[in-house]
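File shown here: run-v7.txt, holding compact mmCIF, C-alpha atoms and all ligand atoms.
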# COMPACT_ATOMS: atom_id res chain seq x y z
CA MET A 982 247.03 254.70 285.49
CA ASN A 983 247.73 251.20 286.81
CA MET A 984 250.04 248.81 285.03
CA LEU A 985 247.31 246.85 283.28
CA ASP A 986 245.68 250.01 281.94
CA GLN A 987 249.08 251.21 280.81
CA ARG A 988 249.64 247.96 278.90
CA LEU A 989 246.17 248.07 277.34
CA ASN A 990 246.80 251.62 276.33
CA ASP A 991 250.17 250.71 274.84
CA SER A 992 248.70 247.83 272.89
CA ARG A 993 246.44 250.24 271.03
CA LYS A 994 249.37 252.34 269.86
CA ALA A 995 250.92 251.76 266.46
CA PRO A 996 254.03 249.54 266.62
CA GLN A 997 256.32 252.42 265.67
CA ASP A 998 255.36 254.12 268.95
CA GLN A 999 256.42 251.06 270.92
CA PRO A 1000 260.05 250.04 270.53
CA GLY A 1001 259.43 246.79 272.46
CA LEU A 1002 256.59 245.62 270.26
CA ARG A 1003 258.40 246.68 267.11
CA ASN A 1004 261.31 244.41 268.05
CA VAL A 1005 258.94 241.54 268.62
CA MET A 1006 257.25 242.16 265.29
CA ASN A 1007 260.59 242.34 263.48
CA ARG A 1008 261.54 239.06 265.06
CA VAL A 1009 258.23 237.49 264.02
CA GLU A 1010 258.72 238.74 260.48
CA ALA A 1011 262.31 237.50 260.42
CA GLU A 1012 260.98 234.05 261.28
CA ILE A 1013 259.31 233.82 257.86
CA THR A 1014 261.95 232.42 255.52
CA VAL A 1015 259.83 231.61 252.46
CA GLN A 1016 256.93 233.81 251.43
CA VAL A 1017 254.74 233.13 248.40
CA ASP A 1018 251.84 235.39 247.38
CA GLY A 1019 249.46 234.77 244.50
CA LEU A 1020 252.10 232.82 242.64
CA ARG A 1021 251.17 231.81 239.12
CA ARG A 1022 253.18 230.02 236.48
CA GLU A 1023 251.98 229.12 233.02
CA PHE A 1024 253.69 227.05 230.35
CA ASP A 1025 253.00 226.90 226.64
CA SER A 1026 252.67 223.38 225.39
CA LYS A 1027 251.47 221.71 222.19
CA GLU A 1028 248.03 221.23 223.75
CA GLY A 1029 247.85 224.91 224.68
CA LYS A 1030 248.48 226.81 227.89
CA VAL A 1031 249.24 224.75 231.02
CA VAL A 1032 248.72 226.42 234.38
CA ALA A 1033 251.28 224.76 236.66
CA LEU A 1034 250.72 227.11 239.62
CA ASP A 1035 247.42 228.87 240.01
CA GLY A 1036 247.53 231.52 242.76
CA VAL A 1037 249.63 229.85 245.45
CA ASN A 1038 250.06 231.50 248.87
CA LEU A 1039 252.26 230.14 251.61
CA GLN A 1040 254.64 231.07 254.39
CA VAL A 1041 257.38 228.87 255.76
CA ARG A 1042 259.02 229.63 259.11
CA LYS A 1043 262.64 229.37 260.09
CA GLY A 1044 263.68 225.86 261.09
CA GLU A 1045 260.53 224.31 259.74
CA ILE A 1046 260.39 221.22 257.56
CA PHE A 1047 257.55 222.21 255.30
CA GLY A 1048 256.06 219.59 253.02
CA VAL A 1049 254.48 220.27 249.66
CA LEU A 1050 252.45 217.15 249.01
CA GLY A 1051 250.65 216.43 245.78
CA PRO A 1052 250.23 213.91 242.95
CA ASN A 1053 252.19 213.97 239.66
CA GLY A 1054 251.75 217.22 237.82
CA ALA A 1055 250.46 219.14 240.87
CA GLY A 1056 253.08 221.88 240.47
CA LYS A 1057 255.61 220.93 243.16
CA THR A 1058 258.74 221.04 241.00
CA THR A 1059 257.61 224.26 239.35
CA MET A 1060 257.31 225.88 242.80
CA ILE A 1061 260.78 224.67 243.82
CA ARG A 1062 262.29 225.91 240.56
CA ILE A 1063 260.78 229.36 241.10
CA LEU A 1064 261.89 229.56 244.74
CA SER A 1065 265.41 228.49 243.85
CA THR A 1066 265.51 231.16 241.09
CA LEU A 1067 265.74 228.73 238.18
CA LEU A 1068 262.41 229.83 236.72
CA LEU A 1069 260.50 233.10 236.77
CA PRO A 1070 256.88 233.41 237.89
CA THR A 1071 254.24 234.44 235.35
CA ALA A 1072 252.54 236.50 238.07
CA GLY A 1073 252.57 236.91 241.82
CA LYS A 1074 255.45 237.14 244.25
CA ALA A 1075 257.90 234.75 245.84
CA GLY A 1076 260.61 235.60 248.33
CA VAL A 1077 263.28 233.73 250.26
CA MET A 1078 264.93 235.21 253.37
CA GLY A 1079 263.26 238.50 252.50
CA PHE A 1080 264.70 238.65 248.95
CA ASP A 1081 262.52 238.70 245.87
CA VAL A 1082 263.06 235.89 243.34
CA GLU A 1083 262.74 238.27 240.40
CA LYS A 1084 264.64 241.27 241.71
CA GLU A 1085 267.33 239.73 243.91
CA PRO A 1086 268.00 236.19 242.63
CA GLU A 1087 271.73 236.36 243.36
CA LYS A 1088 271.06 237.22 247.01
CA ILE A 1089 268.78 234.21 247.26
CA ARG A 1090 271.32 231.90 245.61
CA ALA A 1091 273.87 232.84 248.26
CA VAL A 1092 271.73 231.54 251.11
CA ILE A 1093 269.94 228.52 249.62
CA ASN A 1094 270.66 225.17 248.07
CA MET A 1095 268.54 222.53 246.42
CA ALA A 1096 268.55 218.89 245.44
CA SER A 1097 266.33 216.72 243.36
CA GLY A 1098 265.88 212.99 243.79
CA ALA A 1099 265.32 212.64 240.08
CA GLU A 1100 268.80 213.90 239.15
CA ARG A 1101 271.48 212.12 241.18
CA ALA A 1102 274.01 213.95 239.08
CA GLY A 1103 277.76 213.85 239.53
CA TYR A 1104 280.96 213.49 237.54
CA ASP A 1105 281.25 209.74 237.00
CA PHE A 1106 285.04 209.40 236.93
CA ILE A 1107 285.70 211.56 239.96
CA SER A 1108 285.36 210.21 243.51
CA ALA A 1109 282.37 211.15 245.65
CA ARG A 1110 284.73 213.30 247.73
CA GLY A 1111 286.13 214.95 244.60
CA ASN A 1112 282.62 215.73 243.40
CA LEU A 1113 281.70 217.30 246.73
CA TRP A 1114 284.94 219.26 246.89
CA PHE A 1115 284.25 220.59 243.38
CA PHE A 1116 280.81 221.84 244.43
CA SER A 1117 282.24 223.38 247.59
CA GLN A 1118 284.62 225.40 245.43
CA LEU A 1119 281.71 226.85 243.44
CA TYR A 1120 280.76 228.50 246.73
CA GLY A 1121 284.34 229.60 247.42
CA ILE A 1122 284.59 227.60 250.65
CA PRO A 1123 288.24 227.41 251.85
CA THR A 1124 289.67 223.93 251.20
CA GLU A 1125 290.17 222.91 254.82
CA GLU A 1126 286.69 224.02 255.81
CA ALA A 1127 285.27 222.28 252.73
CA HIS A 1128 286.85 218.96 253.74
CA ARG A 1129 285.65 219.40 257.31
CA ARG A 1130 282.07 219.91 256.07
CA ILE A 1131 282.25 217.01 253.60
CA ASN A 1132 283.39 214.70 256.42
CA ALA A 1133 280.83 215.92 258.95
CA LEU A 1134 277.89 215.73 256.56
CA SER A 1135 279.00 212.36 255.16
CA ASP A 1136 279.26 210.99 258.68
CA MET A 1137 275.65 211.92 259.32
CA LEU A 1138 274.57 209.96 256.25
CA GLY A 1139 276.83 206.92 256.61
CA LEU A 1140 278.66 207.93 253.44
CA GLN A 1141 282.13 208.24 254.99
CA SER A 1142 283.52 204.88 253.80
CA TYR A 1143 282.26 205.44 250.25
CA LEU A 1144 283.74 208.90 249.75
CA ASP A 1145 286.77 207.69 247.80
CA ARG A 1146 284.83 205.58 245.35
CA LYS A 1147 284.28 206.88 241.85
CA PHE A 1148 280.82 208.36 241.49
CA TYR A 1149 279.71 205.90 238.79
CA ALA A 1150 280.55 202.96 241.08
CA LEU A 1151 278.12 204.09 243.79
CA SER A 1152 274.67 202.53 244.13
CA THR A 1153 271.60 204.70 243.58
CA GLY A 1154 271.18 205.18 247.33
CA TYR A 1155 274.76 206.34 247.82
CA LYS A 1156 274.61 208.64 244.80
CA GLN A 1157 271.60 210.22 246.44
CA ARG A 1158 273.52 210.56 249.71
CA VAL A 1159 276.22 212.47 247.80
CA THR A 1160 273.50 214.73 246.37
CA LEU A 1161 272.23 215.36 249.89
CA VAL A 1162 275.66 216.23 251.23
CA ARG A 1163 276.05 218.63 248.31
CA ALA A 1164 272.72 220.26 249.20
CA PHE A 1165 274.09 221.37 252.59
CA ILE A 1166 277.74 222.02 251.73
CA ASN A 1167 277.36 225.83 251.62
CA ASP A 1168 275.78 226.05 255.09
CA PRO A 1169 272.47 227.17 253.52
CA LYS A 1170 269.68 228.81 255.46
CA VAL A 1171 266.95 227.38 253.23
CA VAL A 1172 267.11 224.11 251.31
CA PHE A 1173 264.66 222.98 248.65
CA LEU A 1174 264.40 219.23 248.29
CA ASP A 1175 262.41 217.77 245.42
CA GLU A 1176 261.48 214.12 246.12
CA PRO A 1177 264.72 213.41 248.01
CA THR A 1178 263.92 209.73 248.64
CA ILE A 1179 262.15 208.78 245.42
CA GLY A 1180 262.99 205.28 244.23
CA LEU A 1181 265.15 204.46 247.26
CA ASP A 1182 264.89 201.43 249.54
CA VAL A 1183 263.22 201.85 252.91
CA MET A 1184 266.42 201.92 255.00
CA THR A 1185 268.11 204.50 252.78
CA ALA A 1186 264.98 206.64 252.82
CA LEU A 1187 264.93 206.43 256.62
CA SER A 1188 268.52 207.55 257.02
CA ILE A 1189 267.98 210.42 254.59
CA ARG A 1190 264.90 211.54 256.54
CA GLU A 1191 266.83 211.45 259.79
CA TYR A 1192 269.55 213.58 258.21
CA ILE A 1193 267.00 216.13 256.96
CA LEU A 1194 265.47 216.26 260.47
CA LYS A 1195 268.86 216.95 262.03
CA GLN A 1196 269.57 219.70 259.53
CA ALA A 1197 266.41 221.47 260.63
CA ARG A 1198 266.51 220.72 264.36
CA GLU A 1199 270.21 221.13 265.08
CA HIS A 1200 271.15 223.79 262.56
CA GLY A 1201 267.90 225.73 262.34
CA ARG A 1202 267.75 225.38 258.58
CA THR A 1203 264.44 225.71 256.79
CA ILE A 1204 263.60 222.80 254.52
CA LEU A 1205 260.94 222.91 251.86
CA LEU A 1206 260.30 219.34 250.80
CA ALA A 1207 258.25 218.47 247.73
CA THR A 1208 257.01 214.92 247.72
CA HIS A 1209 254.15 212.65 246.83
CA ASN A 1210 255.09 210.35 249.71
CA MET A 1211 252.54 210.74 252.51
CA ALA A 1212 254.53 208.64 254.97
CA GLU A 1213 257.51 210.94 254.48
CA VAL A 1214 255.40 213.98 255.30
CA ASP A 1215 254.00 212.23 258.36
CA ALA A 1216 257.47 211.26 259.52
CA ILE A 1217 259.31 214.58 259.28
CA CYS A 1218 257.19 217.57 258.25
CA ASN A 1219 256.07 220.16 260.79
CA ARG A 1220 253.48 221.44 258.38
CA VAL A 1221 252.29 220.43 254.96
CA ALA A 1222 250.55 222.14 252.09
CA ILE A 1223 248.44 219.77 250.01
CA ILE A 1224 248.61 220.83 246.38
CA ASP A 1225 246.61 219.66 243.40
CA LYS A 1226 246.44 221.15 239.89
CA GLY A 1227 248.49 224.16 240.93
CA LYS A 1228 246.33 225.09 243.90
CA ILE A 1229 246.90 224.66 247.62
CA LEU A 1230 243.89 222.88 249.05
CA ALA A 1231 244.89 222.78 252.71
CA CYS A 1232 247.85 223.74 254.87
CA ASP A 1233 248.41 222.68 258.48
CA THR A 1234 250.27 220.16 260.62
CA PRO A 1235 249.76 216.57 259.44
CA ALA A 1236 248.05 215.77 262.75
CA ALA A 1237 245.57 218.64 262.46
CA LEU A 1238 244.73 217.73 258.87
CA LYS A 1239 244.01 214.14 259.88
CA ARG A 1240 241.97 215.26 262.89
CA SER A 1241 239.89 217.48 260.64
CA LEU A 1242 238.41 214.40 258.97
CA GLY A 1243 236.43 213.43 262.04
CA ALA A 1244 235.41 209.83 261.40
CA PRO A 1245 237.86 207.00 260.66
CA SER A 1246 237.75 205.87 257.06
CA LEU A 1247 236.23 202.66 255.81
CA VAL A 1248 238.35 200.06 254.07
CA LEU A 1249 236.72 197.27 252.08
CA GLU A 1250 238.26 194.37 250.21
CA VAL A 1251 235.97 193.33 247.39
CA SER A 1252 235.91 190.70 244.69
CA PRO A 1253 235.80 190.27 241.78
CA ILE A 1254 238.09 193.14 240.75
CA PRO A 1255 235.76 195.93 239.53
CA ALA A 1256 235.97 197.17 235.94
CA PRO A 1257 237.62 200.60 235.53
CA GLY A 1258 235.16 203.34 236.36
CA SER A 1259 232.53 201.00 237.77
CA LEU A 1260 233.02 202.23 241.34
CA GLU A 1261 232.00 205.81 240.49
CA PRO A 1262 228.54 205.51 242.18
CA ILE A 1263 230.28 205.15 245.57
CA GLY A 1264 231.60 208.69 245.31
CA LYS A 1265 228.05 209.98 244.85
CA LEU A 1266 226.57 208.36 247.97
CA GLU A 1267 225.38 210.67 250.69
CA GLY A 1268 227.91 211.04 253.48
CA VAL A 1269 230.82 209.91 251.27
CA LYS A 1270 233.52 212.55 250.81
CA GLY A 1271 235.54 210.50 248.37
CA PHE A 1272 237.27 207.19 247.79
CA THR A 1273 240.34 205.60 246.29
CA SER A 1274 240.92 202.03 245.20
CA SER A 1275 243.80 199.73 244.37
CA VAL A 1276 244.01 196.26 242.92
CA ASP A 1277 245.63 193.30 244.63
CA GLU A 1278 246.18 191.04 241.59
CA GLU A 1279 247.66 188.23 243.63
CA ARG A 1280 244.64 187.86 245.86
CA GLY A 1281 242.21 188.69 243.05
CA LEU A 1282 240.54 191.51 244.90
CA SER A 1283 240.33 195.25 245.07
CA ARG A 1284 240.83 197.39 248.13
CA ILE A 1285 238.57 200.43 248.39
CA GLN A 1286 239.22 203.19 250.95
CA VAL A 1287 236.21 205.37 251.55
CA VAL A 1288 236.27 208.66 253.45
CA VAL A 1289 232.91 209.05 255.15
CA ASP A 1290 231.20 211.79 257.12
CA GLY A 1291 230.16 209.63 260.06
CA ASP A 1292 229.32 206.06 261.02
CA GLY A 1293 225.94 206.09 259.28
CA SER A 1294 227.36 206.07 255.74
CA ALA A 1295 229.20 202.74 256.08
CA GLN A 1296 226.13 200.57 255.48
CA SER A 1297 225.12 202.45 252.35
CA VAL A 1298 228.64 201.92 250.96
CA VAL A 1299 228.45 198.19 251.61
CA ASP A 1300 224.95 198.04 250.04
CA SER A 1301 226.13 199.96 247.01
CA ILE A 1302 229.08 197.58 246.47
CA ARG A 1303 226.72 194.58 246.62
CA LYS A 1304 224.40 196.25 244.12
CA LEU A 1305 227.37 196.64 241.79
CA GLY A 1306 227.68 192.83 241.83
CA MET A 1307 230.68 192.49 244.13
CA THR A 1308 231.19 190.63 247.38
CA VAL A 1309 232.70 192.37 250.39
CA VAL A 1310 235.43 189.95 251.50
CA SER A 1311 236.45 191.96 254.54
CA ASN A 1312 236.05 195.46 255.88
CA TRP A 1313 237.43 197.52 258.71
CA ARG A 1314 237.77 201.08 259.99
CA GLN A 1315 241.12 202.81 259.72
CA GLN A 1316 242.44 205.94 261.43
CA ALA A 1317 242.79 208.67 258.84
CA THR A 1318 246.09 209.07 257.01
CA LEU A 1319 247.14 211.97 254.78
CA GLU A 1320 245.93 209.89 251.84
CA GLU A 1321 242.38 210.16 253.19
CA VAL A 1322 242.84 213.88 253.77
CA PHE A 1323 243.60 214.21 250.06
CA VAL A 1324 240.64 211.99 249.15
CA ALA A 1325 238.33 214.13 251.30
CA LEU A 1326 239.55 217.30 249.59
CA VAL A 1327 239.58 216.07 246.01
CA GLY A 1328 237.09 213.18 245.98
CA ARG A 1329 239.66 210.78 244.58
CA GLY A 1330 243.13 209.54 245.58
CA PHE A 1331 246.63 210.25 244.22
CA ARG A 1332 246.48 207.13 242.02
CA GLU A 1333 243.31 208.20 240.23
CA ARG A 1334 244.60 211.78 239.85
CA GLU A 1335 247.78 210.50 238.29
CA HIS A 1336 245.88 208.24 235.88
CA GLU A 1337 243.67 211.17 234.91
CA ALA A 1338 246.76 213.27 234.14
CA ALA A 1339 248.51 210.51 232.15
N1 LIG B 1401 258.73 223.22 230.96
C1 LIG B 1401 257.45 222.87 230.90
N2 LIG B 1401 256.72 223.00 229.77
C2 LIG B 1401 255.42 222.66 229.71
N3 LIG B 1401 254.72 222.21 230.76
C3 LIG B 1401 255.36 222.06 231.91
C4 LIG B 1401 256.76 222.38 232.07
N4 LIG B 1401 257.11 222.13 233.36
C5 LIG B 1401 256.02 221.67 233.96
N5 LIG B 1401 254.96 221.64 233.12
C6 LIG B 1401 253.58 221.22 233.45
O1 LIG B 1401 253.20 221.89 234.64
C7 LIG B 1401 252.46 221.04 235.50
C8 LIG B 1401 253.16 220.94 236.84
O2 LIG B 1401 254.37 220.23 236.69
P1 LIG B 1401 255.38 219.97 237.87
O3 LIG B 1401 256.58 219.30 237.28
O4 LIG B 1401 255.61 221.21 238.62
O5 LIG B 1401 254.56 218.95 238.78
P2 LIG B 1401 255.02 218.05 240.00
O6 LIG B 1401 254.05 218.26 241.09
O7 LIG B 1401 256.46 218.29 240.30
O8 LIG B 1401 254.84 216.57 239.44
P3 LIG B 1401 255.70 215.23 239.70
O9 LIG B 1401 255.16 214.63 240.96
O10 LIG B 1401 255.37 214.39 238.50
O11 LIG B 1401 257.14 215.59 239.77
C9 LIG B 1401 252.34 219.72 234.75
O12 LIG B 1401 251.12 219.73 234.06
C10 LIG B 1401 253.50 219.75 233.77
O13 LIG B 1401 253.22 218.98 232.65
MG MG B 1402 258.13 217.09 240.34
Starting from the file, lay out its structure as structure tokens.
Amino acid sequence: MNMLDQRLNDSRKAPQDQPGLRNVMNRVEAEITVQVDGLRREFDSKEGKVVALDGVNLQVRKGEIFGVLGPNGAGKTTMIRILSTLLLPTAGKAGVMGFDVEKEPEKIRAVINMASGAERAGYDFISARGNLWFFSQLYGIPTEEAHRRINALSDMLGLQSYLDRKFYALSTGYKQRVTLVRAFINDPKVVFLDEPTIGLDVMTALSIREYILKQAREHGRTILLATHNMAEVDAICNRVAIIDKGKILACDTPAALKRSLGAPSLVLEVSPIPAPGSLEPIGKLEGVKGFTSSVDEERGLSRIQVVVDGDGSAQSVVDSIRKLGMTVVSNWRQQATLEEVFVALVGRGFREREHEAA
């Protein structure tokens, strides 16, 4: 038997008969740090049962920054709370570093950390450094090592010269930096971040994103990042799952998702500002996958982004807008963003989804 035949023959054997292949497979399996299968979570509310997660499947690999992108109420926080063992699933399975959230929560807690942009919690009358030291002690980190980590992480975030200020005296952006140092203080393998830059100015958001990138690239940590910020996903996520109403609609790299749209989208500025709901006919036109609109009060016009199948649909959109009694002030084609990916999947944008839910 020549070498090629031998290899072909080997490849047909079960992995247990091939020590080499088994090692490779173990390594491939070890690369999966977060595994979610058929995850479901229901809540009882006054209006009845709410299904926050409705059969979610996903796999996150070691060292990946994995985005979970969706509008308000999509189920992002619920997923993070389950994965960080703060909430139990109603059905389905979720595991982190090979441990099951229901059966081995304490093993998961030892290797993860989490932070939420909505919290920014700390003890007001203790310094930032004191707060971080306190959290380090919850993990039993020796004092010297704790201070070394606090300094190194704070350096990365430009927090160093604020460490001795009382927590209450820090601005929102610096409070959030403290939260983000805390999220990495225990040298975690997997970190869950829920809207880490929400409500922050552009520069602060940028430095936080750079820090998250470094944590993944230089330390091989896995980051699962829930956000409704498409630019954030574009900037730092290797892959993204788009979630809406508890279901994952698509999962891929941001670039592949955008490529999948094919044609660039159509942007039209129209006046006068259309009455709520009056644009609905656009969504029903042939060749239109969906649209989203926003109002520019200052300029007295509305901007409509339409995701179309091909070039042919543009004219029918323009005609339809004229028929609705509006004037097209300007229009152009725009390379697809993740916003348009969502519009193509759902028919409407984040804004409309969030209004529906409110
Ligand atoms: N404790 C709870 N009791 C009742 N309903 C809940 C509870 N927690 C979440 N929900 C509901 O579950 C759904 C998903 O909520 P979740 O907070 O996970 O969404 P989200 O994607 O994080 O939204 P946001 O972008 O607003 O943070 C929503 O309909 C929400 O109202
Ligand atoms: Mg949330």
Within 9 Å of ligand LIG 1401 (chain B), which residues of chain A show up? Give each one with its shortest atom-to-atom distance in Å (one decimal) and the two atoms involved, counting all atoms listed in the file, rows by chain then rising residue number, as CSV.
residue,atom,partner,partner_atom,distance
A:Arg1022,CA,B:LIG1401,O1,8.3
A:Glu1023,CA,B:LIG1401,O1,7.5
A:Phe1024,CA,B:LIG1401,C2,4.8
A:Asp1025,CA,B:LIG1401,C2,5.8
A:Ser1026,CA,B:LIG1401,C2,5.2
A:Lys1027,CA,B:LIG1401,C2,8.5
A:Lys1030,CA,B:LIG1401,N3,8.3
A:Val1031,CA,B:LIG1401,N3,6.0
A:Val1032,CA,B:LIG1401,O1,6.4
A:Ala1033,CA,B:LIG1401,O1,4.0
A:Leu1034,CA,B:LIG1401,C8,7.2
A:Val1049,CA,B:LIG1401,O6,8.8
A:Leu1050,CA,B:LIG1401,O6,8.2
A:Gly1051,CA,B:LIG1401,O6,6.1
A:Pro1052,CA,B:LIG1401,O9,5.4
A:Asn1053,CA,B:LIG1401,O9,3.3
A:Gly1054,CA,B:LIG1401,O5,3.4
A:Ala1055,CA,B:LIG1401,O6,3.7
A:Gly1056,CA,B:LIG1401,O4,3.2
A:Lys1057,CA,B:LIG1401,O6,3.7
A:Thr1058,CA,B:LIG1401,O7,3.6
A:Thr1059,CA,B:LIG1401,O4,3.7
A:Met1060,CA,B:LIG1401,O4,6.5
A:Ile1061,CA,B:LIG1401,O4,8.1
A:Arg1062,CA,B:LIG1401,O4,8.4
A:Ala1099,CA,B:LIG1401,O11,8.7
A:Asp1175,CA,B:LIG1401,O7,7.9
A:Glu1176,CA,B:LIG1401,O11,7.8
A:Ala1207,CA,B:LIG1401,O7,7.6
A:Thr1208,CA,B:LIG1401,O9,7.0
A:His1209,CA,B:LIG1401,O9,6.3
A:Ile1224,CA,B:LIG1401,O6,8.0
A:Asp1225,CA,B:LIG1401,O6,7.9
A:Lys1226,CA,B:LIG1401,C8,7.4
A:Gly1227,CA,B:LIG1401,C8,7.0
A:Glu1335,CA,B:LIG1401,O10,8.5
A:Ala1338,CA,B:LIG1401,O12,7.8
Okay, now the selection with C-alpha atoms, as a short mmCIF file (atom, residue, chain, number, x, y, z; two decimals), in the frame of the given file?
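Final file, out14.cif:
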data_model
loop_
_atom_site.label_atom_id
_atom_site.label_comp_id
_atom_site.auth_asym_id
_atom_site.auth_seq_id
_atom_site.Cartn_x
_atom_site.Cartn_y
_atom_site.Cartn_z
CA ARG A 1022 253.18 230.02 236.48
CA GLU A 1023 251.98 229.12 233.02
CA PHE A 1024 253.69 227.05 230.35
CA ASP A 1025 253.00 226.90 226.64
CA SER A 1026 252.67 223.38 225.39
CA LYS A 1027 251.47 221.71 222.19
CA LYS A 1030 248.48 226.81 227.89
CA VAL A 1031 249.24 224.75 231.02
CA VAL A 1032 248.72 226.42 234.38
CA ALA A 1033 251.28 224.76 236.66
CA LEU A 1034 250.72 227.11 239.62
CA VAL A 1049 254.48 220.27 249.66
CA LEU A 1050 252.45 217.15 249.01
CA GLY A 1051 250.65 216.43 245.78
CA PRO A 1052 250.23 213.91 242.95
CA ASN A 1053 252.19 213.97 239.66
CA GLY A 1054 251.75 217.22 237.82
CA ALA A 1055 250.46 219.14 240.87
CA GLY A 1056 253.08 221.88 240.47
CA LYS A 1057 255.61 220.93 243.16
CA THR A 1058 258.74 221.04 241.00
CA THR A 1059 257.61 224.26 239.35
CA MET A 1060 257.31 225.88 242.80
CA ILE A 1061 260.78 224.67 243.82
CA ARG A 1062 262.29 225.91 240.56
CA ALA A 1099 265.32 212.64 240.08
CA ASP A 1175 262.41 217.77 245.42
CA GLU A 1176 261.48 214.12 246.12
CA ALA A 1207 258.25 218.47 247.73
CA THR A 1208 257.01 214.92 247.72
CA HIS A 1209 254.15 212.65 246.83
CA ILE A 1224 248.61 220.83 246.38
CA ASP A 1225 246.61 219.66 243.40
CA LYS A 1226 246.44 221.15 239.89
CA GLY A 1227 248.49 224.16 240.93
CA GLU A 1335 247.78 210.50 238.29
CA ALA A 1338 246.76 213.27 234.14
#
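Distance-wise, atom CA of Glu1045 of chain A and atom CA of Ala1197 of chain A end up 6.6 Å apart.
Among A:Asp1035, A:Glu1337, A:Glu1100, A:Glu1012, the residue with the shortest atom-to-atom distance to ligand MG 1402 (chain B), counting all atoms listed in the file, is A:Glu1100.
Atom pair atom CA of Ala1236 of chain A / atom CA of Thr1185 of chain A has a distance of 25.1 Å (rounded to one decimal).
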Can you tell me which residues surround Gln1118 of chain A at a distance of at most 10 Å, considering only C-alpha atoms, apart from same-chain residues fewer than 4 positions away, and format the answer as JSON, numbers by chain? {"A": [1113, 1114, 1122, 1123, 1124, 1127, 1166, 1167]}
Would you mind telling me which residue in A:Ile1179, A:Asp1105, A:Gly1073, A:Glu1321 lies nearest to ligand MG 1402 (chain B) when using all atoms listed in the file? A:Ile1179
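Minimum atom-to-atom distance to Pro1255 of chain A, evaluated using all atoms listed in the file, belongs to A:Thr1308 out of A:Gln1296, A:Ser1241, A:Gln1016, A:Thr1308.
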Which polymer residues have any atom within 6 Å of an atom of segment 1137-1147 of chain A, counting all atoms listed in the file, with same-chain residues fewer than 6 positions away left out, as an MDAnalysis selection string? chainID A and resid 1106:1110
Could N, CA, C and O atoms be built for segment 1233-1243 of chain A and written out as a PDB file, in the coordinates of the input?
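Contents of out10.pdb, freshly written:
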ATOM      1  N   ASP A1233     248.442 222.772 257.010  1.00  0.00           N
ATOM      2  CA  ASP A1233     248.410 222.680 258.480  1.00  0.00           C
ATOM      3  C   ASP A1233     249.420 221.613 258.904  1.00  0.00           C
ATOM      4  O   ASP A1233     250.131 221.053 258.067  1.00  0.00           O
ATOM      5  N   THR A1234     249.423 221.275 260.189  1.00  0.00           N
ATOM      6  CA  THR A1234     250.270 220.160 260.620  1.00  0.00           C
ATOM      7  C   THR A1234     249.595 218.873 260.129  1.00  0.00           C
ATOM      8  O   THR A1234     248.364 218.829 259.999  1.00  0.00           O
ATOM      9  N   PRO A1235     250.391 217.821 259.867  1.00  0.00           N
ATOM     10  CA  PRO A1235     249.760 216.570 259.440  1.00  0.00           C
ATOM     11  C   PRO A1235     248.711 216.097 260.441  1.00  0.00           C
ATOM     12  O   PRO A1235     247.631 215.642 260.045  1.00  0.00           O
ATOM     13  N   ALA A1236     248.999 216.234 261.731  1.00  0.00           N
ATOM     14  CA  ALA A1236     248.050 215.770 262.750  1.00  0.00           C
ATOM     15  C   ALA A1236     246.727 216.531 262.666  1.00  0.00           C
ATOM     16  O   ALA A1236     245.651 215.935 262.716  1.00  0.00           O
ATOM     17  N   ALA A1237     246.802 217.844 262.519  1.00  0.00           N
ATOM     18  CA  ALA A1237     245.570 218.640 262.460  1.00  0.00           C
ATOM     19  C   ALA A1237     244.767 218.305 261.211  1.00  0.00           C
ATOM     20  O   ALA A1237     243.533 218.249 261.247  1.00  0.00           O
ATOM     21  N   LEU A1238     245.456 218.074 260.110  1.00  0.00           N
ATOM     22  CA  LEU A1238     244.730 217.730 258.870  1.00  0.00           C
ATOM     23  C   LEU A1238     243.996 216.404 259.042  1.00  0.00           C
ATOM     24  O   LEU A1238     242.844 216.270 258.628  1.00  0.00           O
ATOM     25  N   LYS A1239     244.652 215.449 259.692  1.00  0.00           N
ATOM     26  CA  LYS A1239     244.010 214.140 259.880  1.00  0.00           C
ATOM     27  C   LYS A1239     242.832 214.253 260.851  1.00  0.00           C
ATOM     28  O   LYS A1239     241.793 213.657 260.638  1.00  0.00           O
ATOM     29  N   ARG A1240     243.055 215.059 261.903  1.00  0.00           N
ATOM     30  CA  ARG A1240     241.970 215.260 262.890  1.00  0.00           C
ATOM     31  C   ARG A1240     240.747 215.889 262.233  1.00  0.00           C
ATOM     32  O   ARG A1240     239.620 215.596 262.601  1.00  0.00           O
ATOM     33  N   SER A1241     240.992 216.737 261.248  1.00  0.00           N
ATOM     34  CA  SER A1241     239.890 217.480 260.640  1.00  0.00           C
ATOM     35  C   SER A1241     238.899 216.552 259.930  1.00  0.00           C
ATOM     36  O   SER A1241     237.780 216.950 259.604  1.00  0.00           O
ATOM     37  N   LEU A1242     239.314 215.318 259.681  1.00  0.00           N
ATOM     38  CA  LEU A1242     238.410 214.400 258.970  1.00  0.00           C
ATOM     39  C   LEU A1242     237.278 213.885 259.851  1.00  0.00           C
ATOM     40  O   LEU A1242     236.249 213.461 259.359  1.00  0.00           O
ATOM     41  N   GLY A1243     237.493 213.888 261.149  1.00  0.00           N
ATOM     42  CA  GLY A1243     236.430 213.430 262.040  1.00  0.00           C
ATOM     43  C   GLY A1243     236.365 211.929 262.161  1.00  0.00           C
ATOM     44  O   GLY A1243     236.985 211.347 263.029  1.00  0.00           O
TER      45      GLY A1243
END
